[in-house]
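Q: You'll find model-v8.cif just under this line, and it carries mmCIF, C-alpha atoms.
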```cif
data_input
loop_
_atom_site.label_atom_id
_atom_site.label_comp_id
_atom_site.auth_asym_id
_atom_site.auth_seq_id
_atom_site.Cartn_x
_atom_site.Cartn_y
_atom_site.Cartn_z
CA MET A 1060 27.08 104.07 108.49
CA LEU A 1061 25.12 100.89 107.63
CA VAL A 1062 27.98 99.64 105.43
CA SER A 1063 30.48 100.23 108.24
CA LEU A 1064 28.35 98.20 110.66
CA LEU A 1065 28.01 95.35 108.18
CA LEU A 1066 31.78 95.18 107.74
CA LEU A 1067 32.16 94.46 111.44
CA PHE A 1068 30.14 91.26 111.17
CA ILE A 1069 31.01 89.83 107.75
CA PRO A 1070 34.28 87.85 107.37
CA ALA A 1071 37.00 89.87 105.63
CA GLY A 1072 37.46 87.25 102.93
CA VAL A 1073 33.98 87.90 101.54
CA PHE A 1074 35.09 91.32 100.31
CA CYS A 1075 38.64 90.44 99.36
CA ALA A 1076 40.25 90.18 95.97
CA PRO A 1077 43.97 90.38 95.11
CA ILE A 1078 45.39 93.85 94.58
CA GLY A 1079 47.19 95.18 91.48
CA ASP A 1080 50.80 94.38 90.58
CA GLU A 1081 52.17 92.08 93.28
CA ASP A 1082 55.56 91.70 91.58
CA GLU A 1083 56.80 95.14 92.60
CA PRO A 1084 59.52 95.26 95.33
CA PHE A 1085 58.05 94.66 98.74
CA ASP A 1086 57.79 97.50 101.22
CA LEU A 1087 59.93 95.81 103.86
CA ASP A 1088 63.60 96.59 104.17
CA PHE A 1089 65.50 94.24 106.48
CA SER A 1090 68.81 96.08 106.33
CA GLN A 1091 68.32 97.46 109.86
CA LEU A 1092 68.41 93.85 111.13
CA GLY A 1093 71.89 93.44 109.67
CA GLU A 1094 73.63 90.27 108.63
CA GLU A 1095 72.52 88.57 111.86
CA MET A 1096 69.36 87.71 109.94
CA TYR A 1097 71.43 85.49 107.64
CA ARG A 1098 73.49 83.59 110.18
CA ILE A 1099 72.95 79.98 111.12
CA GLU A 1100 73.66 79.20 114.77
CA GLU A 1101 76.39 76.59 115.21
CA ARG A 1102 75.21 76.06 118.77
CA ASN A 1103 71.47 75.55 118.72
CA ASP A 1104 69.76 74.90 122.07
CA THR A 1105 66.23 75.28 120.70
CA LEU A 1106 65.33 71.60 120.95
CA LYS A 1107 66.36 71.49 124.63
CA LEU A 1108 64.60 74.79 125.39
CA LEU A 1109 61.36 73.62 123.81
CA GLU A 1110 61.49 70.30 125.62
CA GLU A 1111 61.80 72.18 128.92
CA TRP A 1112 59.14 74.70 127.87
CA SER A 1113 56.64 71.92 127.18
CA SER A 1114 56.60 71.03 130.86
CA ILE A 1115 56.06 74.60 132.04
CA GLU A 1116 52.54 75.76 132.89
CA ASP A 1117 51.06 77.75 130.02
CA GLY A 1118 51.05 81.55 130.09
CA GLY A 1119 54.74 82.21 129.51
CA MET A 1120 56.67 82.39 126.28
CA ASN A 1121 55.65 81.12 122.85
CA PRO A 1122 57.77 78.48 121.06
CA GLU A 1123 58.84 80.77 118.22
CA GLU A 1124 60.42 83.10 120.79
CA MET A 1125 63.06 80.47 121.56
CA GLY A 1126 64.56 79.99 118.11
CA PRO A 1127 68.19 80.66 117.18
CA PHE A 1128 67.51 83.41 114.62
CA VAL A 1129 66.77 87.13 114.70
CA GLN A 1130 63.84 87.88 117.04
CA GLY A 1131 63.68 84.12 117.54
CA ASP A 1132 62.09 83.08 114.26
CA LEU A 1133 63.22 85.34 111.39
CA TYR A 1134 65.68 83.97 108.86
CA GLN A 1135 66.51 84.97 105.30
CA PRO A 1136 68.62 82.89 102.89
CA VAL A 1137 71.88 84.19 101.48
CA VAL A 1138 71.22 84.62 97.76
CA ALA A 1139 74.83 84.40 96.61
CA LYS A 1140 78.26 84.00 98.14
CA ASN A 1141 79.07 87.09 100.23
CA ALA A 1142 75.74 88.65 99.22
CA VAL A 1143 72.59 89.25 101.22
CA LYS A 1144 69.10 90.18 100.11
CA PHE A 1145 67.39 92.74 102.31
CA LYS A 1146 64.16 93.11 100.31
CA SER A 1147 61.39 90.69 99.41
CA LYS A 1148 58.24 90.78 97.31
CA LYS A 1149 54.57 90.09 97.73
CA TRP A 1150 53.16 86.80 96.45
CA LYS A 1151 51.64 87.15 92.99
CA ASN A 1152 47.85 87.30 93.02
CA ALA A 1153 47.93 86.53 96.76
CA ILE A 1154 48.65 82.87 95.94
CA VAL A 1155 51.32 81.03 97.93
CA PRO A 1156 52.41 77.61 96.56
CA TYR A 1157 53.55 75.18 99.24
CA LYS A 1158 55.05 71.75 99.71
CA ILE A 1159 54.64 69.90 103.02
CA SER A 1160 57.39 67.51 104.04
CA ASP A 1161 56.53 63.81 104.27
CA ASP A 1162 58.07 63.84 107.77
CA PHE A 1163 54.88 65.29 109.26
CA GLY A 1164 52.20 63.05 110.75
CA ASN A 1165 48.59 63.16 109.58
CA GLY A 1166 47.49 65.23 112.54
CA GLU A 1167 50.22 67.82 111.94
CA VAL A 1168 49.38 68.04 108.23
CA GLN A 1169 45.73 68.58 109.10
CA MET A 1170 46.62 71.40 111.52
CA ILE A 1171 48.73 73.12 108.84
CA LYS A 1172 45.83 72.84 106.40
CA ASN A 1173 43.47 74.22 109.04
CA ALA A 1174 45.72 77.30 109.19
CA PHE A 1175 45.47 77.58 105.39
CA LYS A 1176 41.69 77.38 105.74
CA ILE A 1177 41.62 80.24 108.25
CA PHE A 1178 43.54 82.42 105.77
CA ARG A 1179 41.07 81.44 103.05
CA GLN A 1180 38.03 82.21 105.21
CA LYS A 1181 39.28 85.53 106.55
CA THR A 1182 41.39 87.00 103.71
CA CYS A 1183 42.14 86.73 99.99
CA ILE A 1184 45.37 84.77 100.63
CA ARG A 1185 45.33 81.29 99.08
CA PHE A 1186 47.85 78.56 99.92
CA VAL A 1187 47.92 76.03 97.07
CA PRO A 1188 49.91 72.79 96.58
CA ARG A 1189 53.00 73.40 94.46
CA VAL A 1190 52.96 71.93 90.96
CA ASN A 1191 55.98 73.42 89.22
CA GLN A 1192 56.03 77.02 90.47
CA ARG A 1193 59.51 78.47 90.87
CA ASP A 1194 58.69 80.35 94.08
CA TYR A 1195 57.20 78.27 96.87
CA VAL A 1196 57.26 77.57 100.62
CA SER A 1197 58.75 74.30 101.79
CA ILE A 1198 57.18 73.44 105.16
CA GLU A 1199 59.67 71.30 107.06
CA ARG A 1200 60.06 69.58 110.44
CA SER A 1201 63.64 69.90 111.69
CA SER A 1202 64.37 70.14 115.42
CA ASN A 1203 65.40 73.80 115.59
CA GLY A 1204 62.15 75.50 116.43
CA CYS A 1205 59.36 77.43 114.72
CA TRP A 1206 60.72 79.92 112.17
CA SER A 1207 60.30 81.29 108.67
CA THR A 1208 61.64 83.50 105.96
CA VAL A 1209 59.84 86.82 105.38
CA GLY A 1210 57.92 87.65 102.20
CA ARG A 1211 58.53 86.03 98.80
CA VAL A 1212 62.30 85.74 98.58
CA GLY A 1213 62.44 83.74 95.33
CA GLY A 1214 62.79 80.01 94.69
CA ARG A 1215 62.37 77.52 97.52
CA GLN A 1216 62.06 79.08 100.95
CA VAL A 1217 61.67 77.29 104.25
CA LEU A 1218 59.08 77.49 107.01
CA ASN A 1219 60.06 75.17 109.87
CA LEU A 1220 57.67 73.66 112.41
CA GLN A 1221 59.32 71.47 115.02
CA GLN A 1222 57.46 68.36 116.13
CA ASP A 1223 54.84 68.81 118.88
CA ASP A 1224 55.85 72.21 120.25
CA CYS A 1225 54.99 74.26 117.15
CA PHE A 1226 51.59 72.54 117.01
CA ARG A 1227 50.20 73.35 120.44
CA ARG A 1228 48.16 76.24 119.00
CA VAL A 1229 47.11 77.02 115.45
CA GLY A 1230 48.20 80.63 116.07
CA THR A 1231 51.85 79.57 116.02
CA ILE A 1232 51.39 78.29 112.46
CA LEU A 1233 49.42 81.43 111.52
CA HIS A 1234 52.27 83.52 112.97
CA GLU A 1235 54.88 81.85 110.77
CA LEU A 1236 52.62 82.01 107.70
CA MET A 1237 52.20 85.75 108.28
CA HIS A 1238 55.98 86.03 108.10
CA VAL A 1239 55.79 84.14 104.81
CA ILE A 1240 53.43 86.73 103.32
CA GLY A 1241 55.61 89.57 104.58
CA PHE A 1242 54.77 90.64 108.12
CA LEU A 1243 57.22 91.39 110.92
CA HIS A 1244 56.59 91.34 114.68
CA GLU A 1245 54.19 93.77 116.29
CA HIS A 1246 56.51 94.48 119.23
CA THR A 1247 59.14 95.93 116.86
CA ARG A 1248 56.87 98.50 115.21
CA TYR A 1249 58.44 101.97 115.03
CA ASP A 1250 55.63 103.38 117.22
CA ARG A 1251 55.62 100.62 119.85
CA ASP A 1252 57.07 102.84 122.63
CA GLN A 1253 53.77 104.69 122.76
CA PHE A 1254 52.03 101.47 123.79
CA VAL A 1255 54.51 99.22 125.62
CA ASP A 1256 57.61 99.55 127.77
CA ILE A 1257 60.56 97.19 127.23
CA ASN A 1258 62.18 96.15 130.51
CA TYR A 1259 65.72 95.71 129.22
CA LEU A 1260 67.03 94.66 132.64
CA ASN A 1261 65.00 91.47 132.26
CA VAL A 1262 66.09 90.77 128.66
CA ARG A 1263 68.84 88.23 128.00
CA PHE A 1264 72.01 90.10 127.08
CA ASP A 1265 72.32 88.23 123.77
CA ALA A 1266 68.70 89.04 122.88
CA ILE A 1267 68.63 92.82 123.37
CA GLY A 1268 68.76 93.32 119.61
CA ASN A 1269 65.48 91.43 119.31
CA PHE A 1270 63.73 94.53 120.64
CA TRP A 1271 65.16 96.98 118.11
CA LYS A 1272 62.40 98.91 116.40
CA GLU A 1273 61.81 98.90 112.66
CA SER A 1274 62.41 102.14 110.80
CA LYS A 1275 59.38 104.26 109.99
CA ASP A 1276 60.45 104.45 106.34
CA GLY A 1277 61.09 100.71 106.05
CA THR A 1278 57.71 99.40 107.18
CA ARG A 1279 54.02 100.11 106.74
CA THR A 1280 51.25 100.09 109.34
CA TYR A 1281 48.51 100.82 106.78
CA GLY A 1282 47.02 103.25 109.28
CA ILE A 1283 46.07 100.37 111.57
CA GLY A 1284 46.79 100.93 115.26
CA TYR A 1285 49.15 99.02 117.50
CA ASP A 1286 47.68 95.66 118.45
CA LEU A 1287 48.46 94.00 121.79
CA GLY A 1288 46.18 91.15 120.70
CA SER A 1289 47.94 90.46 117.40
CA VAL A 1290 49.06 86.94 116.61
CA MET A 1291 52.33 88.67 115.62
CA HIS A 1292 52.92 90.17 119.09
CA TYR A 1293 55.42 88.43 121.36
CA SER A 1294 54.61 87.45 124.93
CA GLN A 1295 55.33 89.51 128.02
CA LYS A 1296 58.22 87.21 128.96
CA ALA A 1297 59.82 87.08 125.51
CA PHE A 1298 63.62 86.66 125.78
CA SER A 1299 63.54 87.00 129.57
CA TRP A 1300 66.52 85.63 131.50
CA ASN A 1301 64.88 85.74 134.92
CA GLY A 1302 61.22 84.89 134.30
CA PHE A 1303 60.05 88.48 134.77
CA HIS A 1304 58.23 90.52 132.14
CA THR A 1305 60.22 92.05 129.31
CA VAL A 1306 57.16 93.69 127.73
CA GLU A 1307 54.72 95.79 129.76
CA PRO A 1308 51.65 97.47 128.22
CA LYS A 1309 51.15 101.14 129.00
CA VAL A 1310 47.39 100.73 128.87
CA LYS A 1311 45.08 98.32 130.66
CA TYR A 1312 44.64 95.20 128.57
CA SER A 1313 42.51 92.25 129.62
CA GLY A 1314 43.57 89.83 126.89
CA ARG A 1315 46.69 87.69 126.63
CA ILE A 1316 49.61 89.54 125.06
CA GLY A 1317 51.25 87.09 122.70
CA GLN A 1318 48.07 85.03 122.17
CA ARG A 1319 48.27 82.24 119.60
CA ASP A 1320 44.62 81.29 119.33
CA GLY A 1321 43.98 83.00 115.98
CA PHE A 1322 43.92 86.26 114.05
CA SER A 1323 42.90 89.47 115.76
CA ASN A 1324 40.60 91.82 113.84
CA LYS A 1325 43.56 94.11 113.17
CA ASP A 1326 45.61 91.19 111.82
CA ILE A 1327 42.87 90.58 109.25
CA LYS A 1328 42.70 94.28 108.37
CA ARG A 1329 46.46 94.42 107.83
CA ILE A 1330 46.48 91.40 105.53
CA THR A 1331 43.54 92.86 103.63
CA SER A 1332 45.27 96.24 103.28
CA MET A 1333 48.47 94.65 101.97
CA TYR A 1334 47.05 92.08 99.61
CA CYS A 1335 43.34 92.56 99.03
CA SER A 1336 40.97 95.18 97.72
CA SER A 1337 37.95 95.90 99.90
CA SER A 1338 35.42 97.09 97.35
#
```
Turn this file's structure into structure tokens for me.
A:
Amino acid sequence: MLVSLLLLFIPAGVFCAPIGDEDEPFDLDFSQLGEEMYRIEERNDTLKLLEEWSSIEDGGMNPEEMGPFVQGDLYQPVVAKNAVKFKSKKWKNAIVPYKISDDFGNGEVQMIKNAFKIFRQKTCIRFVPRVNQRDYVSIERSSNGCWSTVGRVGGRQVLNLQQDDCFRRVGTILHELMHVIGFLHEHTRYDRDQFVDINYLNVRFDAIGNFWKESKDGTRTYGIGYDLGSVMHYSQKAFSWNGFHTVEPKVKYSGRIGQRDGFSNKDIKRITSMYCSSS
């Protein structure tokens, strides 16, 4: 009992160490998302949408919900002509090499590094500058939103953070970095219908697929309950065409659904369960 109480007050990273063989195939199968996950939009309105969003009073959508990819911010590279790769791997020894584009300003670089620091303080994940590692994350600054690949896909993989709008809250960067280490969105969990209702009448017709649930066999919850406060949960107005809620909780919840202020306790537990031992 005493140990359990102590765990509530001591940062997760204190007890964390990388788990076993991280080079085994990752437990996420993206085949249910189909080849849409590999398409590149020819018509990309993300820049315009984010410019308009910046002037809207806070409390609505998050910037990564406006991207041109699957569920707004999920994109996987095509590994060969006419071939797609639906599985990814964990990062070896919980170490993620990165390279930050020179296009970022000093303040933006510092905010990215602050996100790295939060991972280091709370979990066993370590983001380290790339030297010559084959697999690494290239953090870039193009004008097509906040988005990332999922898991370690092999070679150079991109995490994109558009100027200004992806830097309003550190949680947006944490969200994309959680994709990098292999996490999908909370609102697409296979058990989500027990906790939220999706108001499809309010969802943009072209975005209905963004609310498809993951298969029970293709994802892991690690026995950790659904989390309305997760940094991986989308907002209540995600993909709305009329400004009304698309996501409604079935239980009373006083916090902000789709918060981007930082990790929830369950976010930390999930990362620890996937990558870190807790002895």
Q: What is the CA of Ile1184 (chain A)-CA of Ala1153 (chain A) distance in Å, reported with one decimal?
A: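 Between CA of Ile1184 (chain A) and CA of Ala1153 (chain A) the gap is 5.0 Å.
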Q: Which residue is closest to Ile1283 (chain A)? Choose from A:Ile1240, A:Ala1297, A:Ala1266, A:Ile1330 and count all atoms listed in the file.
A: A:Ile1330
Q: Let me make sure I understand: among A:Tyr1285, A:Trp1300, A:Trp1150, A:Tyr1312, which one has the smallest atom-to-atom distance to Lys1325 (chain A) if we use only C-alpha atoms?
A: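 Of all the options, A:Tyr1285 lies closest to Lys1325 (chain A).
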Q: If I take CA of Val1255 (chain A) and CA of Val1229 (chain A), how far is one from the other in Å, to one decimal?
A: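 One can read the CA of Val1255 (chain A) to CA of Val1229 (chain A) distance as 25.5 Å.
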Q: Would you translate the PyMOL selection byres ((chain A and resi 1258) around 12) into the concrete set of residues it matches in this file, as number ranges by chain?
A: A: 1252, 1255-1257, 1259-1263, 1267, 1270, 1295-1308
Q: Can you turn the PyMOL selection byres ((chain A and resi 1212) around 8) into a concrete residue list for this file, as a list in words?
A: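 Answer for the PyMOL selection byres ((chain A and resi 1212) around 8): Gln1135, Lys1146, Ser1147, Lys1148, Asp1194, Thr1208, Val1209, Gly1210, Arg1211, Gly1213, Gly1214 and Gln1216 of chain A.
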Q: Under the PyMOL selection byres ((chain A and resi 1281) around 12), which residues of this model are included? Write them out as an NGL selection string.
A: :A and (1086 or 1275 or 1278-1280 or 1282-1285 or 1325-1334)
